[in-house]
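S.K.: What follows is entry29.txt, made up of compact mmCIF, C-alpha atoms:
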```txt
# COMPACT_ATOMS: atom_id res chain seq x y z
CA MET A 1 82.88 100.59 96.87
CA LYS A 2 84.99 98.73 99.44
CA GLU A 3 88.17 100.36 98.12
CA ASN A 4 86.56 103.81 98.17
CA ILE A 5 85.46 103.35 101.78
CA CYS A 6 88.96 102.22 102.76
CA GLU A 7 90.54 105.24 101.06
CA GLU A 8 88.06 107.57 102.72
CA ALA A 9 88.77 105.95 106.10
CA GLN A 10 92.49 106.61 105.70
CA LYS A 11 91.86 110.26 104.80
CA ARG A 12 89.99 110.71 108.09
CA LEU A 13 93.00 109.63 110.19
CA ILE A 14 95.31 112.21 111.74
CA PHE A 15 98.49 110.80 113.24
CA ALA A 16 99.95 112.78 116.14
CA LEU A 17 103.70 113.23 115.71
CA ASP A 18 104.18 113.77 119.43
CA VAL A 19 107.90 113.08 119.29
CA PRO A 20 110.93 115.19 120.29
CA ASP A 21 112.97 115.33 117.10
CA LYS A 22 113.06 115.03 113.32
CA LYS A 23 114.58 111.55 113.29
CA LYS A 24 111.71 110.05 115.28
CA ALA A 25 109.19 112.06 113.30
CA PHE A 26 110.45 110.76 109.97
CA PHE A 27 110.42 107.18 111.26
CA TRP A 28 106.66 107.47 111.76
CA VAL A 29 106.12 109.55 108.64
CA ASP A 30 107.79 106.92 106.44
CA LEU A 31 105.97 104.07 108.17
CA LEU A 32 102.50 105.58 107.92
CA LYS A 33 102.58 107.94 104.92
CA ASP A 34 100.45 105.61 102.79
CA LYS A 35 98.08 104.71 105.62
CA ILE A 36 96.81 108.04 106.98
CA GLY A 37 95.66 111.34 105.52
CA VAL A 38 97.05 113.94 107.91
CA PHE A 39 100.12 114.35 110.12
CA LYS A 40 99.76 116.47 113.25
CA ILE A 41 102.69 118.58 114.39
CA GLY A 42 102.40 119.72 117.99
CA LEU A 43 104.35 122.08 120.20
CA GLU A 44 107.14 119.64 121.06
CA LEU A 45 108.14 118.81 117.49
CA PHE A 46 107.53 122.33 116.19
CA LEU A 47 109.79 123.89 118.81
CA SER A 48 112.43 121.20 118.28
CA THR A 49 112.63 121.52 114.49
CA GLY A 50 111.11 124.85 113.49
CA PRO A 51 108.50 125.48 110.78
CA ASP A 52 110.51 123.89 107.96
CA ILE A 53 109.30 120.50 109.22
CA ILE A 54 105.93 121.33 107.64
CA ARG A 55 107.34 121.57 104.12
CA GLU A 56 109.64 118.61 104.64
CA ILE A 57 106.78 116.28 105.61
CA LYS A 58 104.61 117.56 102.77
CA LYS A 59 107.41 116.95 100.27
CA ARG A 60 108.06 113.48 101.71
CA THR A 61 104.41 112.36 101.78
CA GLY A 62 101.95 114.67 100.07
CA ALA A 63 99.77 114.31 103.18
CA GLN A 64 97.90 117.16 104.79
CA ILE A 65 99.46 118.91 107.78
CA PHE A 66 97.69 119.82 111.01
CA LEU A 67 99.73 122.38 112.99
CA ASP A 68 98.41 122.06 116.53
CA LEU A 69 99.79 125.09 118.37
CA LYS A 70 96.56 126.20 120.11
CA LEU A 71 97.43 129.88 119.69
CA HIS A 72 96.02 132.16 122.37
CA ASP A 73 96.64 135.90 122.67
CA ILE A 74 95.15 139.30 121.92
CA PRO A 75 93.44 139.63 118.51
CA ALA A 76 96.26 141.53 116.76
CA THR A 77 98.88 139.00 117.87
CA ILE A 78 96.75 136.00 116.92
CA LEU A 79 96.06 137.41 113.46
CA ALA A 80 99.72 138.18 112.87
CA ALA A 81 100.71 134.65 113.92
CA CYS A 82 98.05 133.06 111.70
CA ARG A 83 99.21 135.11 108.70
CA GLN A 84 102.75 133.89 109.24
CA ALA A 85 101.56 130.28 109.61
CA VAL A 86 99.61 130.39 106.35
CA PHE A 87 102.88 131.13 104.55
CA TYR A 88 104.08 127.59 105.33
CA GLY A 89 101.06 125.97 103.69
CA MET A 90 99.66 123.77 106.44
CA ASP A 91 96.06 122.65 106.08
CA PHE A 92 94.82 123.10 109.65
CA LEU A 93 95.95 125.46 112.42
CA THR A 94 94.51 125.44 115.94
CA VAL A 95 93.69 128.44 118.10
CA HIS A 96 91.94 128.74 121.43
CA VAL A 97 88.44 129.99 120.67
CA PRO A 98 88.30 133.80 120.90
CA PRO A 99 85.18 135.87 121.71
CA TYR A 100 85.66 138.14 118.67
CA LYS A 101 83.18 137.94 115.82
CA GLY A 102 84.69 137.77 112.36
CA LEU A 103 88.29 137.68 113.59
CA PHE A 104 89.32 134.92 111.16
CA ASN A 105 87.10 135.82 108.21
CA GLU A 106 90.12 136.73 106.09
CA PHE A 107 91.21 133.06 106.12
CA SER A 108 88.00 131.71 104.60
CA SER A 109 89.59 131.56 101.15
CA THR A 110 93.03 130.30 102.21
CA ARG A 111 94.28 126.74 102.12
CA THR A 112 94.90 126.89 105.87
CA LYS A 113 91.75 126.27 107.89
CA ILE A 114 91.61 127.92 111.32
CA ILE A 115 90.29 125.41 113.85
CA GLY A 116 89.07 126.45 117.30
CA VAL A 117 89.76 124.30 120.35
CA THR A 118 86.61 123.86 122.44
CA VAL A 119 87.32 121.82 125.61
CA LEU A 120 90.46 119.70 125.90
CA THR A 121 89.60 116.01 126.15
CA SER A 122 91.93 115.73 129.15
CA LEU A 123 89.58 117.96 131.18
CA GLU A 124 86.50 116.96 133.15
CA THR A 125 84.24 118.71 135.65
CA GLU A 126 86.71 119.03 138.55
CA ASP A 127 89.40 120.41 136.25
CA LEU A 128 87.01 122.95 134.72
CA LEU A 129 85.86 124.11 138.16
CA ASN A 130 89.49 124.61 139.18
CA LEU A 131 89.97 126.75 136.08
CA GLY A 132 87.14 129.01 137.18
CA ILE A 133 84.55 127.81 134.66
CA ALA A 134 80.97 128.50 135.80
CA ARG A 135 79.50 125.47 137.58
CA GLU A 136 76.55 125.12 135.18
CA LEU A 137 79.04 124.64 132.34
CA ALA A 138 81.70 122.73 134.26
CA ILE A 139 79.31 119.97 135.31
CA HIS A 140 78.26 119.55 131.68
CA PRO A 141 81.46 119.87 129.57
CA GLU A 142 79.42 119.28 126.42
CA LYS A 143 77.53 122.54 127.08
CA LEU A 144 80.80 124.41 127.37
CA ALA A 145 82.01 122.78 124.15
CA LEU A 146 78.84 123.87 122.34
CA LYS A 147 79.20 127.43 123.64
CA ARG A 148 82.79 127.58 122.41
CA ALA A 149 81.84 126.01 119.09
CA GLN A 150 79.32 128.82 118.63
CA LEU A 151 82.02 131.40 119.40
CA ALA A 152 84.35 129.66 116.94
CA LYS A 153 81.72 129.81 114.22
CA GLU A 154 81.09 133.49 114.91
CA ALA A 155 84.84 134.21 114.88
CA GLY A 156 85.15 132.73 111.40
CA CYS A 157 86.82 129.44 112.28
CA ALA A 158 86.37 126.68 109.70
CA GLY A 159 85.68 124.17 112.45
CA VAL A 160 86.58 122.96 115.92
CA VAL A 161 88.48 120.37 117.90
CA CYS A 162 85.96 118.60 120.11
CA SER A 163 85.25 115.33 121.89
CA GLY A 164 83.41 112.61 120.00
CA ARG A 165 80.68 112.99 122.60
CA GLU A 166 79.86 116.52 121.42
CA VAL A 167 80.39 116.29 117.68
CA LYS A 168 76.87 115.16 116.76
CA LYS A 169 75.24 118.18 118.38
CA ILE A 170 77.85 120.54 116.93
CA LYS A 171 77.08 119.24 113.44
CA GLU A 172 73.36 119.67 114.04
CA LEU A 173 73.77 123.25 115.23
CA PHE A 174 76.47 124.57 112.92
CA GLY A 175 76.17 122.48 109.77
CA GLU A 176 77.85 119.55 108.09
CA ASP A 177 80.48 121.84 106.52
CA PHE A 178 81.72 122.94 109.95
CA ILE A 179 84.82 120.76 110.38
CA THR A 180 85.05 118.59 113.48
CA ILE A 181 88.37 117.09 114.58
CA THR A 182 88.25 114.63 117.47
CA PRO A 183 91.18 113.77 119.76
CA GLY A 184 90.96 111.49 122.80
CA ILE A 185 90.66 108.43 120.55
CA ARG A 186 91.34 105.07 122.12
CA LEU A 187 90.86 101.47 121.03
CA LYS A 188 88.88 99.39 123.51
CA GLN A 189 91.99 97.65 124.84
CA ASP A 190 94.00 100.86 125.28
CA ASN A 191 95.07 102.67 128.44
CA VAL A 192 93.37 106.09 128.41
CA HIS A 193 96.48 107.75 129.97
CA ASP A 194 95.74 111.46 130.64
CA GLN A 195 92.61 111.54 128.48
CA LYS A 196 89.23 111.52 130.20
CA ARG A 197 86.47 112.13 127.65
CA VAL A 198 87.52 109.36 125.27
CA VAL A 199 85.74 107.55 122.45
CA THR A 200 86.68 104.75 120.05
CA PRO A 201 87.42 105.45 116.37
CA TYR A 202 84.10 103.87 115.44
CA MET A 203 82.12 106.02 117.90
CA ALA A 204 83.76 109.26 116.78
CA ILE A 205 83.07 108.72 113.08
CA ARG A 206 79.60 107.31 113.75
CA ASN A 207 78.78 110.50 115.67
CA GLY A 208 79.92 112.65 112.75
CA SER A 209 83.61 113.49 113.27
CA ASP A 210 85.33 114.52 110.07
CA TYR A 211 88.77 113.57 111.39
CA ILE A 212 90.12 111.64 114.36
CA VAL A 213 93.50 112.24 115.99
CA VAL A 214 95.34 109.07 116.96
CA GLY A 215 98.78 108.94 118.54
CA ARG A 216 99.52 106.69 121.49
CA SER A 217 97.23 103.89 120.29
CA ILE A 218 99.69 103.50 117.41
CA ARG A 219 103.00 104.65 118.90
CA HIS A 220 102.66 102.47 122.02
CA ALA A 221 101.33 99.41 120.19
CA SER A 222 103.51 96.29 120.04
CA ASP A 223 102.57 96.14 116.34
CA PRO A 224 101.83 99.69 115.09
CA LEU A 225 100.75 98.53 111.64
CA HIS A 226 98.22 96.13 113.15
CA ALA A 227 96.90 99.00 115.28
CA ILE A 228 96.49 101.27 112.26
CA ARG A 229 94.66 98.49 110.41
CA GLN A 230 92.31 98.07 113.37
CA ILE A 231 91.64 101.81 113.54
CA THR A 232 91.06 102.05 109.78
CA ALA A 233 88.67 99.10 109.93
CA GLU A 234 86.63 100.78 112.69
CA VAL A 235 86.47 104.02 110.73
CA ALA A 236 85.47 102.19 107.55
CA SER A 237 82.74 100.31 109.43
CA ALA A 238 81.30 103.57 110.74
CA LEU A 239 81.49 105.19 107.30
CA LYS A 240 79.54 102.32 105.75
CA GLU A 241 76.76 102.89 108.28
CA ILE A 242 76.50 106.64 107.71
CA THR A 243 77.05 106.69 103.92
CA PRO A 244 73.69 106.78 102.09
CA PRO A 245 73.26 104.07 99.43
CA ARG A 246 73.58 105.09 95.77
CA GLY A 247 70.80 104.81 93.28
```
Please, can you express the file's structure as structure tokens?

M.R.:
Amino acid sequence: MKENICEEAQKRLIFALDVPDKKKAFFWVDLLKDKIGVFKIGLELFLSTGPDIIREIKKRTGAQIFLDLKLHDIPATILAACRQAVFYGMDFLTVHVPPYKGLFNEFSSTRTKIIGVTVLTSLETEDLLNLGIARELAIHPEKLALKRAQLAKEAGCAGVVCSGREVKKIKELFGEDFITITPGIRLKQDNVHDQKRVVTPYMAIRNGSDYIVVGRSIRHASDPLHAIRQITAEVASALKEITPPRG
């Protein structure tokens, strides 16, 4: 049981390859390939290397790939981009949540899961007001996240990116099968940097997150492998609490 929990904890970890080139990416890929379940490729690395990096990491590790491009455009353009992305075989692809029902229904049977971004974890009330978000939603970012999660569900997204503070309610409203991916993860001793609505690995999983995205807590650690062990231990502890006993 202990081994199963540890394996499950590792599968829940997404490592953010927020690095500028392939050499640095493969350093982290080789170091962590047996310790996490998913590698996240963001805009910086994708634009530096091109889409072939997806297949190269898959071949090197067998891990899942989360392509975090946060696509945002008119429906025809978004659909065309998603169809191209599916060709490369990533497991998750992010889009900004669109207000179009059924837009992504055609991807329900594909390997690539379309994931809607609700509210960036670097944003809080003042930022949302400056963006023109209605005050009643800006002062309660979790309400805005829930509204966008609803739109994502209606659009045919397989799940959402959301703060660990909102995930419990999202699961209650939209079902356990609606995937929740939580960034803004920090260990208690970490600097939060530009993140504002942060939670610990334990809190995110305890609240119901399916996956947590961790980057700087590992990359900036004096001992990255110790950091990953600490994160995995927190996730495993939360999983033990939420996993119903057998028999």

S.K.: Identify, on the basis of all atoms listed in the file, every residue whose closest approach to Ala238 (chain A) does not exceed 6 Å; exclude the query and any residue fewer than 3 positions from it along the same chain; express the result as number ranges by chain.

M.R.: A: 202, 205-206, 235, 241

S.K.: Could you check the closest approach to Ile65 (chain A) for each of A:Ile14, A:Ala149, A:Leu103, A:Leu123 and tell me which residue wins, using all atoms listed in the file?

M.R.: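 Nearest candidate to Ile65 (chain A) out of A:Ile14, A:Ala149, A:Leu103, A:Leu123: A:Ile14.
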
S.K.: Residues of region 26-126 of chain A within 12 Å of region 213-221 of chain A: nearest atom pair and distance (Å, one decimal) for each, counting all atoms listed in the file, sorted by chain and number, as a tab-separated table?

M.R.:
```
residue	atom	partner	partner_atom	distance
A:Phe27	CA	A:Arg219	CA	10.9
A:Trp28	CA	A:Arg219	CA	8.5
A:Val29	CA	A:Arg219	CA	11.8
A:Leu31	CA	A:Arg219	CA	11.1
A:Leu32	CA	A:Ile218	CA	10.1
A:Lys35	CA	A:Ile218	CA	12.0
A:Ile36	CA	A:Val214	CA	10.1
A:Gly37	CA	A:Val213	CA	10.7
A:Val38	CA	A:Val213	CA	9.0
A:Phe39	CA	A:Val213	CA	9.1
A:Lys40	CA	A:Val213	CA	8.0
A:Ile41	CA	A:Gly215	CA	11.2
A:Gly42	CA	A:Gly215	CA	11.4
A:Phe66	CA	A:Val213	CA	10.0
A:Asp68	CA	A:Val213	CA	11.0
A:Thr121	CA	A:Val213	CA	11.5
```

S.K.: Export C-alpha atoms of the chosen residues as a PDB file, in the coordinates of the input?

M.R.:
```pdb
ATOM      1  CA  PHE A  27     110.420 107.180 111.260  1.00  0.00           C
ATOM      2  CA  TRP A  28     106.660 107.470 111.760  1.00  0.00           C
ATOM      3  CA  VAL A  29     106.120 109.550 108.640  1.00  0.00           C
ATOM      4  CA  LEU A  31     105.970 104.070 108.170  1.00  0.00           C
ATOM      5  CA  LEU A  32     102.500 105.580 107.920  1.00  0.00           C
ATOM      6  CA  LYS A  35      98.080 104.710 105.620  1.00  0.00           C
ATOM      7  CA  ILE A  36      96.810 108.040 106.980  1.00  0.00           C
ATOM      8  CA  GLY A  37      95.660 111.340 105.520  1.00  0.00           C
ATOM      9  CA  VAL A  38      97.050 113.940 107.910  1.00  0.00           C
ATOM     10  CA  PHE A  39     100.120 114.350 110.120  1.00  0.00           C
ATOM     11  CA  LYS A  40      99.760 116.470 113.250  1.00  0.00           C
ATOM     12  CA  ILE A  41     102.690 118.580 114.390  1.00  0.00           C
ATOM     13  CA  GLY A  42     102.400 119.720 117.990  1.00  0.00           C
ATOM     14  CA  PHE A  66      97.690 119.820 111.010  1.00  0.00           C
ATOM     15  CA  ASP A  68      98.410 122.060 116.530  1.00  0.00           C
ATOM     16  CA  THR A 121      89.600 116.010 126.150  1.00  0.00           C
TER      17      THR A 121
END
```

S.K.: Check the smallest atom-to-atom distance from each of A:Glu44, A:Asp34, A:Glu172, A:Glu8 to Asp21 (chain A) using all atoms listed in the file, then report the winner.

M.R.: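 Result for the nearest residue to Asp21 (chain A): A:Glu44.
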
S.K.: Determine, counting only C-alpha atoms, which protein, DNA and RNA residues have an atom within 8 Å of an atom of Met90 (chain A); residues of the same chain fewer than 6 positions away are not included. Present the result as a list in words.

M.R.: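 Everything that qualifies: Ile54, Gln64, Ile65, Phe66, Leu67, Arg111 and Thr112 of chain A.
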
S.K.: Please provide as a list in words all residues within 12 Å of Ala81 (chain A), with the sequence filter that same-chain residues fewer than 5 positions apart are discarded (counting all atoms listed in the file).

M.R.: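 Result of the neighbour search: Leu69, Lys70, Leu71, His72, Asp73, Ile74, Pro75, Ala76, Val86, Phe87, Tyr88, Leu93, Thr94, Val95, Phe104 and Ile114 of chain A.
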
S.K.: Could you check which residues have any atom within 6 Å of (87.2, 101.8, 121.9), counting all atoms listed in the file with coordinates taken straight from the file, and then list them as a list in words?

M.R.: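 Output of the proximity query reads Arg186, Leu187, Lys188, Val199 and Thr200 of chain A.
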
S.K.: Between A:Glu126, A:Ile53, A:Ala9, A:Lys59, which one has atoms that come closest to Ser237 (chain A), using only C-alpha atoms?

M.R.: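 Smallest separation from Ser237 (chain A) among the options: A:Ala9.
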
S.K.: Let me make sure I understand: among A:Cys162, A:Ala204, A:Ile139, A:Ile228, which one has the smallest atom-to-atom distance to Gln10 (chain A) if we use all atoms listed in the file?

M.R.: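 Counting all atoms listed in the file, the residue closest to Gln10 (chain A) is A:Ile228.
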
S.K.: Quick one: distance from CA of Glu154 (chain A) to CA of Asp210 (chain A) in Å, one decimal?

M.R.: 20.0 Å

S.K.: Fewer than 4 positions away in the same chain doesn't count, so skip those; otherwise give me all residues within 7 Å of region 98-102 of chain A, counting all atoms listed in the file, as a list in words.

M.R.: Leu151, Ala152, Glu154, Ala155 and Gly156 of chain A

S.K.: I need the chosen residues saved as a PDB file, in the coordinates of the input, with C-alpha atoms.

M.R.:
```
ATOM      1  CA  LEU A 151      82.020 131.400 119.400  1.00  0.00           C
ATOM      2  CA  ALA A 152      84.350 129.660 116.940  1.00  0.00           C
ATOM      3  CA  GLU A 154      81.090 133.490 114.910  1.00  0.00           C
ATOM      4  CA  ALA A 155      84.840 134.210 114.880  1.00  0.00           C
ATOM      5  CA  GLY A 156      85.150 132.730 111.400  1.00  0.00           C
TER       6      GLY A 156
END
```

S.K.: Pick the closest to Gly208 (chain A) from A:Leu47, A:Ile179, A:Val117, A:Leu144: which is it, counting only C-alpha atoms?

M.R.: A:Ile179

S.K.: Separation of CA of Lys24 (chain A) and CA of His226 (chain A), in Å?

M.R.: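 Answer for the CA of Lys24 (chain A) to CA of His226 (chain A) separation: 19.5 Å.
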
S.K.: Kindly give the distance, in Å, that separates CA of Pro20 (chain A) and CA of Ala63 (chain A), rounded to a single decimal.

M.R.: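 If I compute the distance from CA of Pro20 (chain A) to CA of Ala63 (chain A), I get 20.4 Å.
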
S.K.: Start from the incomplete input, build all heavy atoms for region 134-145 of chain A, and deliver everything as a CSV table (one decimal), in the coordinates of the input.

M.R.:
```
chain,number,residue,atom,x,y,z
A,134,ALA,N,82.2,128.5,135.1
A,134,ALA,CA,81.0,128.5,135.8
A,134,ALA,C,80.5,127.1,136.0
A,134,ALA,O,80.6,126.2,135.1
A,134,ALA,CB,80.0,129.3,135.0
A,135,ARG,N,79.9,126.8,137.2
A,135,ARG,CA,79.5,125.5,137.6
A,135,ARG,C,78.5,124.9,136.6
A,135,ARG,O,78.6,123.7,136.2
A,135,ARG,CB,78.9,125.5,139.0
A,135,ARG,CG,78.3,124.1,139.4
A,135,ARG,CD,78.0,124.1,140.9
A,135,ARG,NE,79.2,124.1,141.7
A,135,ARG,CZ,79.8,123.0,142.0
A,135,ARG,NH1,79.5,121.8,141.6
A,135,ARG,NH2,80.9,123.1,142.8
A,136,GLU,N,77.6,125.7,136.1
A,136,GLU,CA,76.6,125.1,135.2
A,136,GLU,C,77.2,124.6,133.9
A,136,GLU,O,76.6,123.8,133.2
A,136,GLU,CB,75.5,126.2,134.9
A,136,GLU,CG,75.9,127.4,134.2
A,136,GLU,CD,76.3,128.5,135.2
A,136,GLU,OE1,76.6,128.2,136.4
A,136,GLU,OE2,76.2,129.7,134.8
A,137,LEU,N,78.3,125.1,133.5
A,137,LEU,CA,79.0,124.6,132.3
A,137,LEU,C,80.0,123.6,132.7
A,137,LEU,O,80.2,122.6,132.0
A,137,LEU,CB,79.7,125.8,131.6
A,137,LEU,CG,78.9,126.9,131.0
A,137,LEU,CD1,79.7,128.0,130.4
A,137,LEU,CD2,78.0,126.3,129.9
A,138,ALA,N,80.7,123.7,133.9
A,138,ALA,CA,81.7,122.7,134.3
A,138,ALA,C,81.1,121.3,134.5
A,138,ALA,O,81.8,120.3,134.2
A,138,ALA,CB,82.4,123.2,135.5
A,139,ILE,N,79.9,121.3,135.0
A,139,ILE,CA,79.3,120.0,135.3
A,139,ILE,C,78.8,119.3,134.0
A,139,ILE,O,78.4,118.1,134.0
A,139,ILE,CB,78.2,120.0,136.4
A,139,ILE,CG1,77.1,121.0,135.9
A,139,ILE,CG2,78.8,120.5,137.7
A,139,ILE,CD1,75.9,121.0,136.9
A,140,HIS,N,78.7,120.1,133.0
A,140,HIS,CA,78.3,119.6,131.7
A,140,HIS,C,79.2,120.0,130.6
A,140,HIS,O,79.0,121.0,129.9
A,140,HIS,CB,76.9,120.0,131.3
A,140,HIS,CG,75.8,119.5,132.3
A,140,HIS,ND1,75.4,118.2,132.4
A,140,HIS,CD2,75.0,120.2,133.2
A,140,HIS,CE1,74.5,118.1,133.3
A,140,HIS,NE2,74.2,119.3,133.8
A,141,PRO,N,80.4,119.4,130.5
A,141,PRO,CA,81.5,119.9,129.6
A,141,PRO,C,80.9,120.0,128.1
A,141,PRO,O,81.4,120.8,127.4
A,141,PRO,CB,82.5,118.8,129.7
A,141,PRO,CG,82.4,118.2,131.0
A,141,PRO,CD,80.9,118.2,131.3
A,142,GLU,N,79.9,119.2,127.8
A,142,GLU,CA,79.4,119.3,126.4
A,142,GLU,C,78.7,120.6,126.2
A,142,GLU,O,78.8,121.2,125.1
A,142,GLU,CB,78.4,118.1,126.1
A,142,GLU,CG,77.2,118.1,126.9
A,142,GLU,CD,77.3,117.5,128.3
A,142,GLU,OE1,78.4,117.2,128.7
A,142,GLU,OE2,76.3,117.3,129.0
A,143,LYS,N,78.1,121.2,127.2
A,143,LYS,CA,77.5,122.5,127.1
A,143,LYS,C,78.6,123.6,126.8
A,143,LYS,O,78.4,124.5,126.0
A,143,LYS,CB,76.7,122.9,128.3
A,143,LYS,CG,75.4,122.1,128.5
A,143,LYS,CD,74.6,122.5,129.6
A,143,LYS,CE,73.3,121.7,129.8
A,143,LYS,NZ,72.5,122.2,130.9
A,144,LEU,N,79.7,123.5,127.6
A,144,LEU,CA,80.8,124.4,127.4
A,144,LEU,C,81.4,124.3,126.0
A,144,LEU,O,81.7,125.3,125.3
A,144,LEU,CB,81.9,124.2,128.4
A,144,LEU,CG,83.2,125.0,128.3
A,144,LEU,CD1,82.8,126.5,128.5
A,144,LEU,CD2,84.1,124.6,129.4
A,145,ALA,N,81.5,123.0,125.5
A,145,ALA,CA,82.0,122.8,124.2
A,145,ALA,C,81.1,123.4,123.1
A,145,ALA,O,81.6,124.0,122.1
A,145,ALA,CB,82.2,121.3,123.9
```
